[in-house]
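K.L.:
One structure, pasted below without further comment.
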Amino acid sequence: MIAAGLLLLGIAVAFSHLPAITETQSFRPGKDGGDLMSRSIWSFKHTVLGALGIFFYVGVEVGLASIAVNYFKSQGMSSLKTASFLVSLYWFGMLVAACLVPGF
């Protein structure tokens with residue numbers, strides 16, 4: 001259902017006649033046809049390092065959550081349901097941190 005809804009939304013946007021956005025061009029640091037405007041986004045070091053940082057951060061975040069149930073069980077927690085509930089609290093905490101802490 002979600003995939004079908006997103007497909008319909010994509011088709012609706014594709015066939016809608018949206019105006020061209022030209023207001024953003026006035027504050028760009030480069031001129032049309034200049035060296036800065038012709039460079040790829042991946043030629044900037046901070047872009048590549050930022051993408052790598054996000055990649056590894058998400059990998060660690062998901063990895064910690066995936067092994068958390070086994071860790072809780074090894075620490076003596078008898079119920080798998082309680083261990084799974086603690087993992088859901090972890091994800092809720094990450095959601096709250098991402099929404100409330102600036103720059104998180």
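So you can find residues: chains in the structure tokens are A, B, ... in the order shown, residues in each start at 1, and ligands are numbered from 1 in order.
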Run DSSP on the backbone and grab whatever in chain A lands in helix (DSSP H, G or I); send it over as a PyMOL selection string.

P.N.:
chain A and resi 2-15+23-27+35-38+41-43+45-74+80-100

K.L.:
Would you save the residues of that selection, restricted to C-alpha atoms, as a CSV table (one decimal), in the first residue's frame?

P.N.:
```csv
chain,number,residue,atom,x,y,z
A,2,ILE,CA,2.8,2.4,0.9
A,3,ALA,CA,4.7,1.6,-2.3
A,4,ALA,CA,1.5,2.1,-4.4
A,5,GLY,CA,0.8,5.4,-2.7
A,6,LEU,CA,4.4,6.6,-3.3
A,7,LEU,CA,4.1,5.5,-6.9
A,8,LEU,CA,0.9,7.5,-7.4
A,9,LEU,CA,2.4,10.5,-5.7
A,10,GLY,CA,5.5,10.3,-8.0
A,11,ILE,CA,3.3,10.1,-11.1
A,12,ALA,CA,1.2,13.1,-9.9
A,13,VAL,CA,4.3,15.2,-9.4
A,14,ALA,CA,5.8,14.1,-12.7
A,15,PHE,CA,2.7,15.2,-14.6
A,23,GLU,CA,15.4,32.4,-7.1
A,24,THR,CA,18.1,30.2,-5.7
A,25,GLN,CA,20.6,31.1,-8.5
A,26,SER,CA,21.2,34.7,-7.1
A,27,PHE,CA,23.0,33.6,-4.0
A,35,ASP,CA,34.8,26.6,-12.7
A,36,LEU,CA,32.8,26.3,-9.4
A,37,MET,CA,29.5,25.6,-11.1
A,38,SER,CA,30.9,22.9,-13.4
A,41,ILE,CA,29.5,17.6,-5.9
A,42,TRP,CA,31.9,14.7,-5.2
A,43,SER,CA,35.0,16.8,-5.9
A,45,LYS,CA,36.4,16.9,0.2
A,46,HIS,CA,33.9,17.8,2.9
A,47,THR,CA,31.0,16.3,0.9
A,48,VAL,CA,32.9,12.9,0.6
A,49,LEU,CA,33.9,12.9,4.2
A,50,GLY,CA,30.4,13.8,5.3
A,51,ALA,CA,28.9,11.0,3.3
A,52,LEU,CA,31.4,8.5,4.7
A,53,GLY,CA,30.7,9.8,8.2
A,54,ILE,CA,26.9,9.3,7.8
A,55,PHE,CA,27.4,5.9,6.3
A,56,PHE,CA,29.5,4.6,9.2
A,57,TYR,CA,27.3,6.3,11.8
A,58,VAL,CA,24.2,4.6,10.5
A,59,GLY,CA,26.0,1.3,10.3
A,60,VAL,CA,27.0,1.6,13.9
A,61,GLU,CA,23.6,2.7,15.0
A,62,VAL,CA,21.8,-0.2,13.3
A,63,GLY,CA,24.5,-2.7,14.3
A,64,LEU,CA,24.1,-1.7,18.0
A,65,ALA,CA,20.4,-2.2,17.8
A,66,SER,CA,20.6,-5.5,16.1
A,67,ILE,CA,22.9,-7.1,18.7
A,68,ALA,CA,21.2,-5.5,21.7
A,69,VAL,CA,18.6,-8.3,22.1
A,70,ASN,CA,21.4,-10.9,22.2
A,71,TYR,CA,23.3,-8.7,24.7
A,72,PHE,CA,20.3,-8.3,27.0
A,73,LYS,CA,19.8,-12.1,26.9
A,74,SER,CA,23.4,-12.7,27.8
A,80,LEU,CA,12.7,-12.1,24.7
A,81,LYS,CA,9.7,-9.7,24.7
A,82,THR,CA,11.3,-7.5,27.4
A,83,ALA,CA,14.6,-7.4,25.5
A,84,SER,CA,12.8,-6.4,22.3
A,85,PHE,CA,10.9,-3.7,24.2
A,86,LEU,CA,14.2,-2.3,25.4
A,87,VAL,CA,15.4,-2.1,21.8
A,88,SER,CA,12.3,-0.2,20.9
A,89,LEU,CA,13.1,2.2,23.7
A,90,TYR,CA,16.5,2.6,22.2
A,91,TRP,CA,15.0,3.6,18.8
A,92,PHE,CA,12.5,5.9,20.5
A,93,GLY,CA,15.4,7.6,22.3
A,94,MET,CA,17.3,8.0,19.0
A,95,LEU,CA,14.2,9.6,17.5
A,96,VAL,CA,13.8,12.0,20.4
A,97,ALA,CA,17.5,12.9,20.2
A,98,ALA,CA,17.4,13.5,16.5
A,99,CYS,CA,14.3,15.7,16.9
A,100,LEU,CA,15.3,17.7,20.0
```
